[in-house]
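Peer 1: Provided herewith is a single structure, encoded as structure tokens, for subsequent inquiry.
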Amino acid sequence: MSAIDAARASLYIRDTLSTIDEMGCTMLRASWPRMLSLAAIALAMAAAGCSSGGSGAPSGGSAAGSSTLVIANAVRVDTLDPEANSVNESIWLDQNLYSRLLQPNATGTGLLPDLATSWNTSKDGLTYTFHLGNAQFSDGSPVTASDVVFSIDRSRAFKGGWGFLLTPVKTITAPDPHTVVITLSQKHAPLLADLAMYAYSIVPKHLVQTQGKAFFQHPVGSGPFYVTSYKPDSEVDLARNPHFYGTMPKISKVKILVVPDDNTRVLMLESKKADVIENPPGNLTSQIDKTPGLHVDLFPSTRVDFIQLDEHFGPFKKLAVRQALNYAIDRNALVKLAYQGDAIPGASFMPYKMQYFDSSITPYPYDPAKAKSLLASAGYPHGFKTFLITVSGDVAGQAEAVVVKSELAKVGITVAIQSYELLTAYSKEDGGHSQMGERYWTNDIIDPDEVATFGADCKGGANAFNSYWCSTLATSLVNKARSELTSAKRQAYYSQIQQIIYQQSPFIVTDYSPYRYGVGDWVKGFHASPLGAYVLSLETLTVGQH
Amino acid sequence: MSRFGTLPRRLGHLVLIAFGITLVTFFLLRLIPGDPALAILGTSYTHQRAEAIDLALGLNKPIWTQYVLFMGRLFRGNLGYSFFYSLPATTVIGQHLAPTVFLVIYAAVLAAAISLPLGFVSGLRRGGVVDQSTRVFFTVSFAMPAFWLGIILLIVFSVHLHVFPISGFGSGFAGHLYYLFLPALTIAVGFSTVLIRSLRAATIATLQAEFVDTARMKGISRAKVLRRHVFRNAVLAVVAVFGVNLAYLISGTVLVENVFSLPGLGSLLVNSVSNRDYPVVQGVTLLFALLIVAINLLTDLTQSALDPRVGQEIGE
């Protein structure tokens with residue numbers, strides 16, 4: 001997913017409280033003897049139950065389960081227009097509202113039918129025919145092939161959007177209301193995965209044409225839920241779509257609240273005002289786990305954290321130096337210190353929960369002696385000075401930078417940490433005047449084509465994750481894999497690409513970090529897929545007594 | 001009336017200041033590294049996609065042309081389209097105005113209700129119980145950052161006592177009063193510290209003035225002297241402090257808005273800067289600047305209405 005997600009949330013003041021509840025009470029306790037006249041505080045304390053340890057007293061939840069799920073997100077909704085979404089939370093929200101021709105499965109490793117109940121491919125791989133079922137929009141009107149054609153064409157034409165994914169598409173036509181035919185100018189293996197992407201959600205042609213942008217203030221889709229109230233900065237209310245063609249959700253309403261402050265979200269969960277909270281801060285996860293009735297769920301994601309090495313900087317031109325950095329960093333220590341042990345040490349540059357991930361690649365072992373000898377062989381026996389760009393407010397990233405700095409100091413490399421606001425950091429890292437920079441990747445589609453194009457293809461527009469490293473072999477493999485339809489052959493190509501990147505180390509893959517949610521035990525079955533969507537779990541989850 | 005004779009001149013200043021603000025926000029904003037295309041594309045940024053976005057947003061034009069277009073639209077009351085929300089910036093700002101204005105007025109009223117009696121009594125009975133405990137309590141609270149005090153209020157009153165909601169704006173006037181009580185209190189406590197201190201000092205100074213002795217010697221009762229002569233003179237000094245701080249509050253509510261999840265202007269501004277949402281940042285900055293100038297003007301007018309001497313000083 002593009003743009004600013006977790007890091008944007010962390011631009012806000014992060015807390016330094018390890019356990020707010022206890023500290024809040026200690027604070028009150030410490031100051032009241034000096035404020036004898038303010039007996040009210042003492043009363044409030046007593047009532048707040050501070051003396052008994054300050055644990056959350058059971059609150060007045062509903063007695064017989066609930067039909068509403070309340071999710072507290074950290075980030076505002078940018079738009080409900082799927083072609084223009086750039087915020088992850090909004091993308092995940094939109095997936096509850098709209099359907100696509102196909103959808104990724106819950107593990108992010110395959111595709112499921114959605115509006116298209118079946119599809120077939122011509123022998124030459126250039127014509128795809130999709131057969132639509134009898135779906136309806138939430139206003140009761142049928143989803144027709146012309147809606148599909150209109151929606152895909154609309155998203156393709158959106159400037160700066162995801163049209164480039166469908167460059168090989170020649171025509172999209174609707175020969176009858178239940179059939180969509182797509183023809184290609186060349187074979188394009190990721191086509192189905194591309195069509196399952198959020199940007200290619202299907203909207204009703206007649207309404208979007210007549211209402212224009214205003215449609216997305218009160219949109220109509222064919223997903224399991226529809227919007228009943230839309231306040232992008234505070235709350236979006238959804239109700240079950242009575243015309244939904246799939247599994248009818250057990251809950252009838254979903255409330256998505258925007259609660260930017262990390263501590264406030266945790267308080268909402270503790271007081272049971274929210275059932276699920278997004279991204280509780282790492283230093284509060286153990287407190288949530290210890291609170292009876294609450295827990296923290298970690299869901300594998302497609303996020304890959306890495307440190308880019310800009311090859312415009314002399315030492316990083318040398319393979320031995322890049323490999324030395326990989327050997328010098330203790331990934332286990334890094335995961336423990338920066339991610340509370342919740343992340344997985346990184347190996348391949350591809351997300352570890354996706355098709356064609358090569359699990360035979362293992363993380364570089366921690367071997368400072370080898371790192372030193374590699375540096376010496378590259379002509380840097382005494383190391384060198386460099387800088388590492390980080391995003392201020394990204395707590396895990398800051399901790400990671402400190403670990404990297406201290407590990408590299410042991411092999412003679414002096415690292416200066418430079419912290420910038422998110423977009424300033426990105427623009428410094430993108431310009432080709434950088435040295436080391438913390439970045440991450442997340443997938444938008446389940447096919448490896450996207451990550452391979454951005455990370456391994458120096459002609460792909462992203463300069464191999466801005467490392468400016470270039471390999472003609474890797475570039476040609478990315479192109480071959482894109483036009484190869486046989487699964488086994490694609491597996492071989494992507495394995496080879498991953499091996500090249502691993503060996504060449506144009507960037508240091510540090511870890512794979514999961515999605516983190518604080519969840520009340522009364523919610524049964526909440527689950528986020530590696531792409532971050534939770535829509536499939538909303539169709540089956542239940543909200544019990546709390 | 002000579003007291004208000006400065007009004008046209010002050011209004012003229014306002015226009016000049018507004019023009020200066022447009023220059024500063026427009027160009028300063030574009031000096032920050034990172035552009036709207038990067039904000040939109042994030043990790044999937046490529047130059048090709050960025051160029052397409054710049055074209056769509058009109059950011060490919062020379063910067064002076066963009067400024068002229070911006071000013072042209074501004075004269076027609078149009079701030080342009082928000083890049084982030086895909087809505088007119090005026091609509092976006094309008095949606096965020098109500099919570100902030102409500103919050104600031106609410107906090108100001110609470111602050112006045114807290115500080116007028118406490119400050120006056122503290123000044124009258126210097127070193128007394130009220131004076132000492134007020135000083136300790138408000139100094140400690142003032143030293144607490146808003147997000148910390150807010151979190152403590154939330155833990156006590158929302159999580160444990162269930163008296164107030166944790167977040168949100170509520171609906172209807174009564175709903176707003178209820179939902180915004182804790183955030184308004186958080187602001188009011190910090191605000192009150194300044195007001196109490198200045199009212200206390202002013203009260204002490206006024207008590208020592210000769211006209212108070214004269215009034216007492218004329219046989220006017222103590223209560224009447226305090227009400228008519230001391231309080232009214234002391235409060236005058238606080239009006240200026242109140243005005244200046246109120247202006248500061250409007251732009252300073254962002255931390256409180258964040259803790260209590262209020263969709264107000266403060267958080268809108270911070271988020272819009274992070275997103276490089278130029279039209280919204282320009283609009284909000286302009287609005288803040290105008291509000292601050294307007295409040296300063298109102299403060300001066302209020303002061304001169306209360307005290308004719310002030311009008312003559314700021315007059316010719």
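All residue names refer to the structure tokens as shown: chains lettered A, B, ... in order, residues numbered from 1 in each chain, ligands numbered from 1 in order.
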Give me the residues within 10 Å of Pro33 in chain B as a ChimeraX atom specification, counting only C-alpha atoms and dropping any in the same chain fewer than 5 places off.

Peer 2: /A:421,423-428 /B:38,276

Peer 1: Would you mind exporting C-alpha atoms of the selected residues as an mmCIF file, in the first residue's frame?

Peer 2:
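Written out: part_9.cif:
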data_model
loop_
_atom_site.group_PDB
_atom_site.id
_atom_site.type_symbol
_atom_site.label_atom_id
_atom_site.label_comp_id
_atom_site.auth_asym_id
_atom_site.auth_seq_id
_atom_site.Cartn_x
_atom_site.Cartn_y
_atom_site.Cartn_z
ATOM 1 C CA GLU A 421 9.695 14.502 9.418
ATOM 2 C CA LEU A 423 8.120 13.355 3.788
ATOM 3 C CA THR A 424 11.335 15.300 4.319
ATOM 4 C CA ALA A 425 13.078 12.022 5.118
ATOM 5 C CA TYR A 426 11.584 10.365 2.034
ATOM 6 C CA SER A 427 12.560 13.176 -0.291
ATOM 7 C CA LYS A 428 16.114 13.145 1.049
ATOM 8 C CA LEU B 38 5.337 12.073 -2.516
ATOM 9 C CA ARG B 276 1.766 18.867 2.004
#

Peer 1: Report the residues of range 273-390 of chain A whose backbone DSSP state falls under strand (DSSP E), written as number ranges by chain.

Peer 2: A: 276-278, 294-299, 304-309, 344-345, 385-390

Peer 1: Convert the current residue selection to file output with N, CA and C atoms, as a compact mmCIF listing (two decimals), in the first residue's frame.

Peer 2:
# COMPACT_ATOMS: atom_id res chain seq x y z
N VAL A 276 -11.83 -3.12 18.87
CA VAL A 276 -10.57 -3.40 18.20
C VAL A 276 -9.85 -2.07 18.03
N ILE A 277 -8.56 -2.01 18.40
CA ILE A 277 -7.80 -0.78 18.13
C ILE A 277 -6.60 -1.11 17.27
N GLU A 278 -6.35 -0.21 16.35
CA GLU A 278 -5.23 -0.39 15.44
C GLU A 278 -3.94 0.06 16.11
N LEU A 294 -8.45 -8.57 27.51
CA LEU A 294 -7.89 -7.92 26.32
C LEU A 294 -6.66 -8.69 25.85
N HIS A 295 -6.35 -8.57 24.58
CA HIS A 295 -5.09 -9.13 24.09
C HIS A 295 -4.63 -8.38 22.85
N VAL A 296 -3.38 -8.62 22.51
CA VAL A 296 -2.83 -8.01 21.30
C VAL A 296 -2.68 -9.10 20.26
N ASP A 297 -3.20 -8.86 19.06
CA ASP A 297 -3.06 -9.80 17.96
C ASP A 297 -2.02 -9.29 16.98
N LEU A 298 -1.13 -10.19 16.56
CA LEU A 298 -0.16 -9.84 15.53
C LEU A 298 -0.53 -10.61 14.27
N PHE A 299 -0.72 -9.90 13.16
CA PHE A 299 -1.05 -10.56 11.91
C PHE A 299 0.11 -10.38 10.93
N VAL A 304 8.08 -5.08 4.67
CA VAL A 304 9.50 -5.42 4.73
C VAL A 304 10.24 -4.15 5.15
N ASP A 305 10.92 -4.20 6.29
CA ASP A 305 11.73 -3.05 6.71
C ASP A 305 13.13 -3.23 6.19
N PHE A 306 13.67 -2.18 5.58
CA PHE A 306 15.03 -2.31 5.07
C PHE A 306 15.77 -0.98 5.20
N ILE A 307 17.07 -1.05 5.06
CA ILE A 307 17.90 0.16 5.06
C ILE A 307 18.50 0.29 3.68
N GLN A 308 18.13 1.37 3.00
CA GLN A 308 18.66 1.53 1.64
C GLN A 308 20.10 2.04 1.71
N LEU A 309 20.91 1.58 0.76
CA LEU A 309 22.30 2.01 0.68
C LEU A 309 22.45 2.70 -0.67
N ILE A 344 10.08 -10.41 12.57
CA ILE A 344 10.86 -11.59 12.17
C ILE A 344 12.11 -11.10 11.44
N PRO A 345 13.30 -11.62 11.79
CA PRO A 345 14.52 -11.17 11.11
C PRO A 345 14.40 -11.33 9.60
N LYS A 385 32.89 7.03 7.65
CA LYS A 385 31.81 7.78 8.30
C LYS A 385 30.62 7.86 7.35
N THR A 386 29.44 7.71 7.87
CA THR A 386 28.25 7.81 7.03
C THR A 386 27.09 8.34 7.88
N PHE A 387 25.93 8.52 7.24
CA PHE A 387 24.76 8.92 8.03
C PHE A 387 23.56 8.03 7.69
N LEU A 388 22.63 7.98 8.62
CA LEU A 388 21.44 7.15 8.47
C LEU A 388 20.22 8.04 8.67
N ILE A 389 19.35 8.10 7.66
CA ILE A 389 18.15 8.93 7.74
C ILE A 389 17.01 8.14 8.37
N THR A 390 16.37 8.74 9.37
CA THR A 390 15.23 8.08 10.01
C THR A 390 14.06 9.06 10.06

Peer 1: List as a PyMOL selection string the protein and nucleic acid residues near Pro315 in chain A, meaning an atom at most 12 Å away when only C-alpha atoms are counted, but skip any in the same chain fewer than 6 places from it.

Peer 2: chain A and resi 309+321-325+374-381+383-386+413+435-436

Peer 1: Find the spatial neighbours of Gly161 in chain A, counting only C-alpha atoms, within a cut-off of 8 Å - ignore same-chain residues fewer than 4 positions away - and output them as number ranges by chain.

Peer 2: A: 83-84, 155-157; B: 49

Peer 1: Specify as a PDB file with N, CA and C atoms, in the first residue's frame all residues of chain B found within 6 Å of chain A, counting only C-alpha atoms.

Peer 2:
ATOM      1  N   PRO B  33      11.183  20.233   1.950  1.00  0.00           N
ATOM      2  CA  PRO B  33      11.382  19.098   1.049  1.00  0.00           C
ATOM      3  C   PRO B  33      10.165  18.172   1.099  1.00  0.00           C
ATOM      4  N   GLY B  34       9.919  17.454   0.040  1.00  0.00           N
ATOM      5  CA  GLY B  34       8.776  16.540   0.013  1.00  0.00           C
ATOM      6  C   GLY B  34       7.585  17.265  -0.538  1.00  0.00           C
ATOM      7  N   ILE B  40       1.207  11.476  -1.593  1.00  0.00           N
ATOM      8  CA  ILE B  40       0.179  10.602  -2.138  1.00  0.00           C
ATOM      9  C   ILE B  40       0.762   9.228  -2.479  1.00  0.00           C
ATOM     10  N   LEU B  41       1.961   9.199  -3.042  1.00  0.00           N
ATOM     11  CA  LEU B  41       2.511   7.935  -3.529  1.00  0.00           C
ATOM     12  C   LEU B  41       3.298   7.169  -2.466  1.00  0.00           C
ATOM     13  N   GLY B  42       3.947   7.889  -1.550  1.00  0.00           N
ATOM     14  CA  GLY B  42       4.672   7.233  -0.471  1.00  0.00           C
ATOM     15  C   GLY B  42       5.680   6.230  -0.974  1.00  0.00           C
ATOM     16  N   THR B  43       5.563   4.990  -0.507  1.00  0.00           N
ATOM     17  CA  THR B  43       6.559   3.971  -0.851  1.00  0.00           C
ATOM     18  C   THR B  43       6.473   3.555  -2.313  1.00  0.00           C
ATOM     19  N   SER B  44       5.344   3.811  -2.973  1.00  0.00           N
ATOM     20  CA  SER B  44       5.285   3.414  -4.384  1.00  0.00           C
ATOM     21  C   SER B  44       5.471   4.620  -5.308  1.00  0.00           C
ATOM     22  N   THR B  46       7.180   6.849  -8.035  1.00  0.00           N
ATOM     23  CA  THR B  46       8.087   6.859  -9.187  1.00  0.00           C
ATOM     24  C   THR B  46       7.958   8.240  -9.822  1.00  0.00           C
ATOM     25  N   ARG B  49       4.856   8.644 -12.098  1.00  0.00           N
ATOM     26  CA  ARG B  49       3.582   8.842 -11.408  1.00  0.00           C
ATOM     27  C   ARG B  49       3.532  10.226 -10.775  1.00  0.00           C
ATOM     28  N   ALA B  52       2.584  12.836 -13.279  1.00  0.00           N
ATOM     29  CA  ALA B  52       1.154  12.795 -13.596  1.00  0.00           C
ATOM     30  C   ALA B  52       0.350  13.505 -12.519  1.00  0.00           C
ATOM     31  N   ILE B  53       0.751  13.320 -11.259  1.00  0.00           N
ATOM     32  CA  ILE B  53       0.034  13.967 -10.155  1.00  0.00           C
ATOM     33  C   ILE B  53       0.245  15.475 -10.195  1.00  0.00           C
ATOM     34  N   PHE B  84      -5.672  16.131  -0.250  1.00  0.00           N
ATOM     35  CA  PHE B  84      -5.872  14.938   0.574  1.00  0.00           C
ATOM     36  C   PHE B  84      -7.324  14.494   0.581  1.00  0.00           C
ATOM     37  N   TYR B  85      -8.247  15.452   0.714  1.00  0.00           N
ATOM     38  CA  TYR B  85      -9.656  15.086   0.864  1.00  0.00           C
ATOM     39  C   TYR B  85     -10.433  15.076  -0.439  1.00  0.00           C
ATOM     40  N   ILE B 152      -4.596  12.040  32.166  1.00  0.00           N
ATOM     41  CA  ILE B 152      -4.955  11.786  33.566  1.00  0.00           C
ATOM     42  C   ILE B 152      -6.452  12.020  33.772  1.00  0.00           C
ATOM     43  N   VAL B 156      -9.151   9.145  35.014  1.00  0.00           N
ATOM     44  CA  VAL B 156      -9.991   9.292  36.204  1.00  0.00           C
ATOM     45  C   VAL B 156     -11.472   9.359  35.826  1.00  0.00           C
ATOM     46  N   VAL B 159     -12.304   6.458  32.129  1.00  0.00           N
ATOM     47  CA  VAL B 159     -12.045   5.019  32.218  1.00  0.00           C
ATOM     48  C   VAL B 159     -12.594   4.452  33.518  1.00  0.00           C
ATOM     49  N   HIS B 160     -12.358   5.166  34.642  1.00  0.00           N
ATOM     50  CA  HIS B 160     -12.755   4.606  35.931  1.00  0.00           C
ATOM     51  C   HIS B 160     -14.134   5.053  36.387  1.00  0.00           C
ATOM     52  N   ASN B 258      -5.775  16.249  19.727  1.00  0.00           N
ATOM     53  CA  ASN B 258      -5.217  14.933  19.454  1.00  0.00           C
ATOM     54  C   ASN B 258      -5.583  13.920  20.534  1.00  0.00           C
ATOM     55  N   VAL B 259      -5.387  14.323  21.801  1.00  0.00           N
ATOM     56  CA  VAL B 259      -5.671  13.406  22.907  1.00  0.00           C
ATOM     57  C   VAL B 259      -7.150  13.025  22.922  1.00  0.00           C
ATOM     58  N   SER B 261      -9.276  13.190  20.401  1.00  0.00           N
ATOM     59  CA  SER B 261      -9.752  12.846  19.056  1.00  0.00           C
ATOM     60  C   SER B 261     -10.797  13.824  18.544  1.00  0.00           C
ATOM     61  N   PRO B 263     -11.908  16.507  15.792  1.00  0.00           N
ATOM     62  CA  PRO B 263     -11.535  16.899  14.434  1.00  0.00           C
ATOM     63  C   PRO B 263     -11.502  18.413  14.289  1.00  0.00           C
TER      64      PRO B 263
END

Peer 1: Between CA of Ala106 in chain A and CA of Ala274 in chain A, what distance in Å does the model show, to one decimal?

Peer 2: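 We find that CA of Ala106 in chain A and CA of Ala274 in chain A lie 23.7 Å from each other.
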
Peer 1: Quick one: distance from CA of Arg76 in chain B to CA of Ala18 in chain B in Å, one decimal?

Peer 2: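 About the pair CA of Arg76 in chain B and CA of Ala18 in chain B: they are 15.2 Å apart.
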
Peer 1: Write out as a ChimeraX atom specification the residues lying within 8 Å of range 115-131 of chain A, counting only C-alpha atoms and excluding same-chain residues fewer than 3 positions away.

Peer 2: /A:99-102,135,178-188,485

Peer 1: Go ahead and save the picked residues with N, CA and C atoms, as a JSON list (two decimals), in the first residue's frame.

Peer 2:
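The result, stored in selection.json:
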[["chain", "number", "residue", "atom", "x", "y", "z"],
["A", 99, "SER", "N", -16.87, -4.23, -4.09],
["A", 99, "SER", "CA", -16.26, -5.49, -4.49],
["A", 99, "SER", "C", -15.49, -5.29, -5.78],
["A", 100, "ARG", "N", -14.69, -6.28, -6.11],
["A", 100, "ARG", "CA", -13.91, -6.25, -7.34],
["A", 100, "ARG", "C", -14.23, -7.51, -8.12],
["A", 101, "LEU", "N", -13.63, -7.67, -9.28],
["A", 101, "LEU", "CA", -13.87, -8.89, -10.05],
["A", 101, "LEU", "C", -13.42, -10.10, -9.25],
["A", 102, "LEU", "N", -12.24, -9.99, -8.65],
["A", 102, "LEU", "CA", -11.72, -11.06, -7.81],
["A", 102, "LEU", "C", -11.19, -10.42, -6.53],
["A", 135, "ALA", "N", -24.92, -10.15, -8.64],
["A", 135, "ALA", "CA", -24.70, -9.26, -7.49],
["A", 135, "ALA", "C", -25.53, -7.99, -7.63],
["A", 178, "HIS", "N", -23.55, -9.88, -18.34],
["A", 178, "HIS", "CA", -22.90, -10.78, -17.39],
["A", 178, "HIS", "C", -21.49, -11.18, -17.81],
["A", 179, "THR", "N", -20.95, -10.55, -18.84],
["A", 179, "THR", "CA", -19.63, -10.96, -19.34],
["A", 179, "THR", "C", -18.74, -9.74, -19.55],
["A", 180, "VAL", "N", -17.49, -9.86, -19.07],
["A", 180, "VAL", "CA", -16.49, -8.82, -19.31],
["A", 180, "VAL", "C", -15.31, -9.48, -20.02],
["A", 181, "VAL", "N", -14.86, -8.86, -21.11],
["A", 181, "VAL", "CA", -13.73, -9.42, -21.85],
["A", 181, "VAL", "C", -12.60, -8.41, -21.85],
["A", 182, "ILE", "N", -11.41, -8.87, -21.45],
["A", 182, "ILE", "CA", -10.24, -8.01, -21.45],
["A", 182, "ILE", "C", -9.22, -8.58, -22.42],
["A", 183, "THR", "N", -8.75, -7.76, -23.35],
["A", 183, "THR", "CA", -7.70, -8.23, -24.27],
["A", 183, "THR", "C", -6.41, -7.48, -23.97],
["A", 184, "LEU", "N", -5.31, -8.21, -24.18],
["A", 184, "LEU", "CA", -3.99, -7.67, -23.85],
["A", 184, "LEU", "C", -3.13, -7.55, -25.10],
["A", 185, "SER", "N", -2.18, -6.62, -25.05],
["A", 185, "SER", "CA", -1.24, -6.49, -26.17],
["A", 185, "SER", "C", -0.06, -7.46, -25.99],
["A", 186, "GLN", "N", 0.18, -7.86, -24.74],
["A", 186, "GLN", "CA", 1.21, -8.87, -24.49],
["A", 186, "GLN", "C", 0.82, -9.66, -23.25],
["A", 187, "LYS", "N", 1.44, -10.80, -23.06],
["A", 187, "LYS", "CA", 1.07, -11.62, -21.92],
["A", 187, "LYS", "C", 1.41, -10.89, -20.63],
["A", 188, "HIS", "N", 0.52, -10.99, -19.64],
["A", 188, "HIS", "CA", 0.70, -10.21, -18.41],
["A", 188, "HIS", "C", 0.23, -11.06, -17.23],
["A", 485, "LEU", "N", 3.33, -17.25, -17.91],
["A", 485, "LEU", "CA", 2.08, -17.64, -17.25],
["A", 485, "LEU", "C", 2.20, -18.95, -16.47]]

Peer 1: From the options A:Ile508, A:Ala145, A:Ala347, A:Val208, which residue's atoms come nearest to Gly133 in chain A, counting only C-alpha atoms?

Peer 2: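 Between A:Ile508, A:Ala145, A:Ala347, A:Val208, the residue approaching Gly133 in chain A most closely is A:Ala145.
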
Peer 1: Please identify the helix (DSSP H, G or I) residues within range 92-184 of chain A (assignment by DSSP from backbone atoms) and present them as a list in words.

Peer 2: Trp92, Leu93, Asp94, Ala145, Ser146, Asp147, Val148, Val149, Phe150, Ser151, Ile152, Asp153, Arg154, Ser155, Arg156, Ala157, Gly163, Phe164, Leu165 and Leu166 of chain A

Peer 1: Once you have the residues from the selection above, write them out as a PDB file, in the first residue's frame, restricted to N, CA and C atoms.

Peer 2:
ATOM      1  N   TRP A  92      -8.437  -0.171   3.532  1.00  0.00           N
ATOM      2  CA  TRP A  92      -9.067  -1.313   4.217  1.00  0.00           C
ATOM      3  C   TRP A  92     -10.544  -1.058   4.487  1.00  0.00           C
ATOM      4  N   LEU A  93     -10.867   0.213   4.769  1.00  0.00           N
ATOM      5  CA  LEU A  93     -12.266   0.590   4.970  1.00  0.00           C
ATOM      6  C   LEU A  93     -13.057   0.405   3.678  1.00  0.00           C
ATOM      7  N   ASP A  94     -12.488   0.883   2.571  1.00  0.00           N
ATOM      8  CA  ASP A  94     -13.180   0.812   1.287  1.00  0.00           C
ATOM      9  C   ASP A  94     -13.478  -0.623   0.853  1.00  0.00           C
ATOM     10  N   ALA A 145     -21.998  -5.788 -16.335  1.00  0.00           N
ATOM     11  CA  ALA A 145     -20.684  -5.752 -16.970  1.00  0.00           C
ATOM     12  C   ALA A 145     -20.298  -4.328 -17.348  1.00  0.00           C
ATOM     13  N   SER A 146     -21.287  -3.488 -17.659  1.00  0.00           N
ATOM     14  CA  SER A 146     -20.920  -2.123 -18.049  1.00  0.00           C
ATOM     15  C   SER A 146     -20.427  -1.320 -16.839  1.00  0.00           C
ATOM     16  N   ASP A 147     -20.930  -1.641 -15.629  1.00  0.00           N
ATOM     17  CA  ASP A 147     -20.372  -1.011 -14.421  1.00  0.00           C
ATOM     18  C   ASP A 147     -18.896  -1.390 -14.263  1.00  0.00           C
ATOM     19  N   VAL A 148     -18.604  -2.669 -14.543  1.00  0.00           N
ATOM     20  CA  VAL A 148     -17.228  -3.159 -14.402  1.00  0.00           C
ATOM     21  C   VAL A 148     -16.312  -2.441 -15.383  1.00  0.00           C
ATOM     22  N   VAL A 149     -16.742  -2.376 -16.635  1.00  0.00           N
ATOM     23  CA  VAL A 149     -15.928  -1.726 -17.669  1.00  0.00           C
ATOM     24  C   VAL A 149     -15.697  -0.258 -17.297  1.00  0.00           C
ATOM     25  N   PHE A 150     -16.794   0.395 -16.905  1.00  0.00           N
ATOM     26  CA  PHE A 150     -16.697   1.817 -16.539  1.00  0.00           C
ATOM     27  C   PHE A 150     -15.705   2.024 -15.388  1.00  0.00           C
ATOM     28  N   SER A 151     -15.821   1.194 -14.343  1.00  0.00           N
ATOM     29  CA  SER A 151     -14.994   1.384 -13.145  1.00  0.00           C
ATOM     30  C   SER A 151     -13.521   1.165 -13.444  1.00  0.00           C
ATOM     31  N   ILE A 152     -13.215   0.091 -14.192  1.00  0.00           N
ATOM     32  CA  ILE A 152     -11.808  -0.197 -14.475  1.00  0.00           C
ATOM     33  C   ILE A 152     -11.220   0.889 -15.368  1.00  0.00           C
ATOM     34  N   ASP A 153     -11.985   1.314 -16.369  1.00  0.00           N
ATOM     35  CA  ASP A 153     -11.494   2.387 -17.245  1.00  0.00           C
ATOM     36  C   ASP A 153     -11.274   3.679 -16.465  1.00  0.00           C
ATOM     37  N   ARG A 154     -12.172   3.961 -15.544  1.00  0.00           N
ATOM     38  CA  ARG A 154     -12.070   5.175 -14.745  1.00  0.00           C
ATOM     39  C   ARG A 154     -10.777   5.154 -13.915  1.00  0.00           C
ATOM     40  N   SER A 155     -10.502   4.036 -13.250  1.00  0.00           N
ATOM     41  CA  SER A 155      -9.303   3.956 -12.417  1.00  0.00           C
ATOM     42  C   SER A 155      -8.026   3.966 -13.245  1.00  0.00           C
ATOM     43  N   ARG A 156      -8.114   3.366 -14.434  1.00  0.00           N
ATOM     44  CA  ARG A 156      -6.923   3.364 -15.302  1.00  0.00           C
ATOM     45  C   ARG A 156      -6.568   4.778 -15.714  1.00  0.00           C
ATOM     46  N   ALA A 157      -7.599   5.619 -15.926  1.00  0.00           N
ATOM     47  CA  ALA A 157      -7.359   6.965 -16.434  1.00  0.00           C
ATOM     48  C   ALA A 157      -6.956   7.936 -15.337  1.00  0.00           C
ATOM     49  N   GLY A 163      -3.052   3.096 -13.047  1.00  0.00           N
ATOM     50  CA  GLY A 163      -3.229   2.723 -14.442  1.00  0.00           C
ATOM     51  C   GLY A 163      -2.017   2.013 -15.027  1.00  0.00           C
ATOM     52  N   PHE A 164      -0.821   2.378 -14.521  1.00  0.00           N
ATOM     53  CA  PHE A 164       0.395   1.795 -15.101  1.00  0.00           C
ATOM     54  C   PHE A 164       0.449   0.277 -14.938  1.00  0.00           C
ATOM     55  N   LEU A 165      -0.246  -0.231 -13.938  1.00  0.00           N
ATOM     56  CA  LEU A 165      -0.262  -1.697 -13.760  1.00  0.00           C
ATOM     57  C   LEU A 165      -0.904  -2.370 -14.971  1.00  0.00           C
ATOM     58  N   LEU A 166      -1.901  -1.696 -15.556  1.00  0.00           N
ATOM     59  CA  LEU A 166      -2.675  -2.313 -16.635  1.00  0.00           C
ATOM     60  C   LEU A 166      -2.230  -1.810 -18.017  1.00  0.00           C
TER      61      LEU A 166
END

Peer 1: Please list as a list of chain:residue names every residue within 7 Å of Ala247 in chain B, counting only C-alpha atoms and excluding residues in the same chain fewer than 4 positions away.

Peer 2: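 Listing them by chain and then by number gives B:Gly243, B:Ile292, B:Ile295.
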
Peer 1: Once you have the residues from the selection above, write them out as a PDB file, in the first residue's frame, restricted to C-alpha atoms.

Peer 2:
ATOM      1  CA  GLY B 243      -7.086  38.403  24.728  1.00  0.00           C
ATOM      2  CA  ILE B 292      -5.483  36.620  15.841  1.00  0.00           C
ATOM      3  CA  ILE B 295      -8.977  39.228  18.521  1.00  0.00           C
TER       4      ILE B 295
END

Peer 1: Quick one: pull the distance between CA of Ser467 in chain A and CA of Asp310 in chain A, Å, one decimal.

Peer 2: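 CA of Ser467 in chain A sits 4.4 Å away from CA of Asp310 in chain A.
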
Peer 1: Identify, on the basis of only C-alpha atoms, every residue whose closest approach to Phe19 in chain B does not exceed 12 Å; exclude the query and any residue fewer than 2 positions from it along the same chain; express the result as a VMD selection string.

Peer 2: chain B and resid 12 to 17 21 to 26 67 71 74 to 75 282 285 to 286 289 to 290
